[in-house]
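Step one of this worksheet: look at the structure below.
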Amino acid sequence: MIIRQLFDSGSSTYTYLLGCEATRQAIVVDPVLEMIERDLAELISLNLRLTCTVETHVHADHVTAAWQLRERTGCRVAYPAMEQVACADLQLAVDQPLMAGSVLLLPLPTPGHTAGHHCYLLEHPVPMVFTGDTLLIDGCGRTDLDGGDAETLFRSVHDRLFALPEETLVYPGHDYNQRRVSTIAQERARNQRLKDGVSADQFVQIMAGLDLPPPAKMATAVPANRGCGRCPRSAAARADA
Ligand SMILES: [Fe+2]
């Protein structure tokens, strides 16, 4: 299997490129609109054909490249069905894995950051999970935006993610300190918000006390992402600002 972790410094977003060595089919997780040329060049250099993009959730901090990648490569666009994005070609749910050759992504519903957020589990050969904004390295996504709920995120992390084998590699949707990968064991031991011993009530209090400003691009990113990343050029320009 071919795996690349790609970083957008503008939004501190990780995009993941997953390719099958036998069929040369590839999936891209959480592509960023401004990084589309990088992603297309990476696919060409690896001799991979993009068959699908997949989102962990409807992002508020950047616009997905899904629509543009579909226009330029003919790939399909997948979203979690729970996010209710009608323009998606594939509506993912827990019993509907996403495949590209030998790449098999298992959707894990993990609401809390948004109402329909999903993580994706890849069981090859060491299990790895792409956690979007549900679980970051020593952190988690905010829970105060539309559809967010702190207690729900706590339950998603503890019931879904911390139930995975402790050696499972955790690949987050963002990092702001140049960290790339963690493990379930490390997050259970070190995550200041969510580690073992922190109660749901304590977590809710921590999240209520963050008092974060709204994401700079939220007004353009959320409607664009509800349209699979399709946005007028003027909106894309505003998202760049
Ligand atoms: Fe997010």
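Each chain in the structure tokens gets a letter, A, B, ..., in the order shown, and its residues are numbered from 1; ligands are numbered from 1 in order too.
Contacts with ligand 1 are defined as any residue atom within 6 Å of a ligand atom, using only C-alpha atoms and all ligand atoms; the residues meeting this criterion are A:His59, A:Ala60, A:Asp133.
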Serialized selection, all heavy atoms, as a tab-separated table (two decimals), in the first residue's frame:
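Here's the written file out25.tsv:
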```
chain	number	residue	atom	x	y	z
A	59	HIS	N	-16.23	20.62	6.66
A	59	HIS	CA	-15.24	21.47	7.34
A	59	HIS	C	-15.71	22.92	7.41
A	59	HIS	O	-16.39	23.41	6.50
A	59	HIS	CB	-13.92	21.42	6.58
A	59	HIS	CG	-13.43	20.04	6.29
A	59	HIS	ND1	-12.77	19.28	7.23
A	59	HIS	CD2	-13.51	19.27	5.18
A	59	HIS	CE1	-12.47	18.10	6.71
A	59	HIS	NE2	-12.91	18.07	5.46
A	60	ALA	N	-15.26	23.60	8.47
A	60	ALA	CA	-15.56	25.03	8.61
A	60	ALA	C	-14.34	25.90	8.38
A	60	ALA	O	-14.45	27.12	8.33
A	60	ALA	CB	-16.13	25.30	10.00
A	133	ASP	N	-11.31	15.65	12.76
A	133	ASP	CA	-11.23	16.59	13.88
A	133	ASP	C	-11.81	16.00	15.17
A	133	ASP	O	-12.00	16.71	16.15
A	133	ASP	CB	-11.99	17.88	13.55
A	133	ASP	CG	-11.28	18.69	12.48
A	133	ASP	OD1	-10.27	18.20	11.94
A	133	ASP	OD2	-11.73	19.80	12.18
```
Non-local contacts of A:Arg4 (8 Å; only C-alpha atoms; under 2 positions in same chain excluded) as a PyMOL selection string: chain A and resi 2+6+16-18
With only C-alpha atoms as the basis for distance, which of A:Ile206, A:Cys231, A:Ile184, A:Ala81 is at the shortest distance from A:Gly116? A:Ala81
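Here atom CA of A:Cys52 and atom CA of A:Thr110 stand 21.1 Å from one another.
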Pick out the residues sitting within 6 Å of stretch 168-171 of chain A, and hand them over as a PyMOL selection string; count only C-alpha atoms, and ignore anything fewer than 2 positions along from it in its own chain. chain A and resi 127-130+165-166+181-184
Store the residues picked out above in a file with C-alpha atoms, as a tab-separated table (two decimals), in the first residue's frame.
```
chain	number	residue	atom	x	y	z
A	127	PRO	CA	-4.30	-0.70	12.00
A	128	MET	CA	-4.47	3.03	11.39
A	129	VAL	CA	-7.33	5.44	11.85
A	130	PHE	CA	-7.83	8.78	10.13
A	165	PRO	CA	-6.35	-1.79	19.59
A	166	GLU	CA	-3.88	0.37	21.49
A	181	VAL	CA	1.11	10.62	14.05
A	182	SER	CA	0.14	9.23	17.42
A	183	THR	CA	-1.37	5.98	18.71
A	184	ILE	CA	-4.51	5.11	20.61
```
Nearest to A:Thr131, chosen from A:Cys228, A:Val198, A:Leu105, A:Leu161, with only C-alpha atoms counted in the distances: A:Leu161
Determine the nearest neighbour of A:Val94 from the options A:Leu106, A:Leu48, A:Ile3, A:Ala65, counting only C-alpha atoms. A:Leu106
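With only C-alpha atoms taken into account, the protein and nucleic acid residues at most 7 Å from A:Phe203 (excluding it and anything under 4 positions from it in its own chain) are Arg193, Leu194, Val198, Ser199 and Met207 of chain A.
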Contacts of A:Gln91 at 6 Å (only C-alpha atoms; same-chain gap of 6+ positions) as a PyMOL selection string: chain A and resi 78-81
Write a file of the just-selected residues containing C-alpha atoms, as a compact mmCIF listing (two decimals), in the first residue's frame.
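What follows is the written file part-v6.txt:
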```txt
# COMPACT_ATOMS: atom_id res chain seq x y z
CA ALA A 78 -17.78 10.42 -0.79
CA TYR A 79 -19.16 11.99 2.38
CA PRO A 80 -20.54 10.46 5.55
CA ALA A 81 -24.26 9.96 4.95
```
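With distances taken over only C-alpha atoms, A:Ser102 is the one residue among A:Ile137, A:Val63, A:Asp8, A:Ser102 lying closest to A:Glu21.
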Residue set, stretch 123-237 of chain A restricted to strand (DSSP E), as JSON, numbers by chain: {"A": [123, 127, 128, 129, 130, 131, 132, 169, 170, 171, 172, 182, 183]}
Selection: 12 Å around A:Arg72, only C-alpha atoms, excl. self and same-chain fewer than 6 positions, as a ChimeraX atom specification: /A:36-37,39-40,49-51,65-66
Generate the output file for the selected residues, all heavy atoms, as a short mmCIF file (atom, residue, chain, number, x, y, z; two decimals), in the first residue's frame.
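In the end it all went to selection-v3.cif:
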```
data_model
loop_
_atom_site.label_atom_id
_atom_site.label_comp_id
_atom_site.auth_asym_id
_atom_site.auth_seq_id
_atom_site.Cartn_x
_atom_site.Cartn_y
_atom_site.Cartn_z
N ILE A 36 -4.76 21.59 -4.67
CA ILE A 36 -5.15 20.61 -5.69
C ILE A 36 -4.01 20.30 -6.65
O ILE A 36 -3.83 19.13 -7.04
CB ILE A 36 -6.43 21.07 -6.43
CG1 ILE A 36 -6.93 19.95 -7.35
CG2 ILE A 36 -6.23 22.37 -7.18
CD1 ILE A 36 -8.31 20.21 -7.92
N GLU A 37 -3.22 21.30 -7.03
CA GLU A 37 -2.13 21.02 -7.97
C GLU A 37 -1.08 20.11 -7.33
O GLU A 37 -0.54 19.22 -7.98
CB GLU A 37 -1.49 22.33 -8.45
CG GLU A 37 -2.45 23.28 -9.15
CD GLU A 37 -3.15 22.65 -10.37
OE1 GLU A 37 -2.60 21.70 -10.96
OE2 GLU A 37 -4.26 23.12 -10.70
N ASP A 39 -1.67 17.85 -5.06
CA ASP A 39 -2.23 16.50 -4.96
C ASP A 39 -2.24 15.80 -6.32
O ASP A 39 -1.93 14.61 -6.43
CB ASP A 39 -3.65 16.55 -4.38
CG ASP A 39 -3.68 17.07 -2.95
OD1 ASP A 39 -2.59 17.25 -2.36
OD2 ASP A 39 -4.77 17.31 -2.43
N LEU A 40 -2.57 16.54 -7.37
CA LEU A 40 -2.58 15.95 -8.72
C LEU A 40 -1.15 15.57 -9.14
O LEU A 40 -0.94 14.50 -9.74
CB LEU A 40 -3.20 16.92 -9.72
CG LEU A 40 -4.72 17.12 -9.57
CD1 LEU A 40 -5.19 18.31 -10.41
CD2 LEU A 40 -5.49 15.86 -9.96
N ARG A 49 -4.16 6.43 -10.02
CA ARG A 49 -5.39 7.00 -10.59
C ARG A 49 -6.38 7.23 -9.45
O ARG A 49 -6.76 6.30 -8.73
CB ARG A 49 -5.99 6.02 -11.61
CG ARG A 49 -7.26 6.55 -12.30
CD ARG A 49 -7.66 5.62 -13.43
NE ARG A 49 -7.98 4.27 -12.97
CZ ARG A 49 -9.17 3.89 -12.52
NH1 ARG A 49 -10.17 4.76 -12.49
NH2 ARG A 49 -9.39 2.65 -12.13
N LEU A 50 -6.80 8.47 -9.30
CA LEU A 50 -7.72 8.80 -8.22
C LEU A 50 -9.11 8.26 -8.54
O LEU A 50 -9.69 8.60 -9.56
CB LEU A 50 -7.78 10.33 -8.02
CG LEU A 50 -8.62 10.81 -6.84
CD1 LEU A 50 -8.02 10.36 -5.52
CD2 LEU A 50 -8.75 12.33 -6.87
N THR A 51 -9.62 7.41 -7.66
CA THR A 51 -10.97 6.88 -7.88
C THR A 51 -12.00 7.51 -6.95
O THR A 51 -13.18 7.50 -7.26
CB THR A 51 -11.01 5.34 -7.68
OG1 THR A 51 -10.55 5.03 -6.37
CG2 THR A 51 -10.15 4.65 -8.72
N ALA A 65 -11.27 20.12 -1.90
CA ALA A 65 -10.98 20.07 -3.34
C ALA A 65 -11.81 19.01 -4.05
O ALA A 65 -11.59 18.74 -5.23
CB ALA A 65 -9.49 19.78 -3.55
N ALA A 66 -12.77 18.41 -3.36
CA ALA A 66 -13.48 17.26 -3.91
C ALA A 66 -14.12 17.57 -5.27
O ALA A 66 -13.97 16.81 -6.24
CB ALA A 66 -14.55 16.78 -2.92
#
```
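Note that atom CA of A:Asp149 and atom CA of A:Ala189 are 23.2 Å apart.
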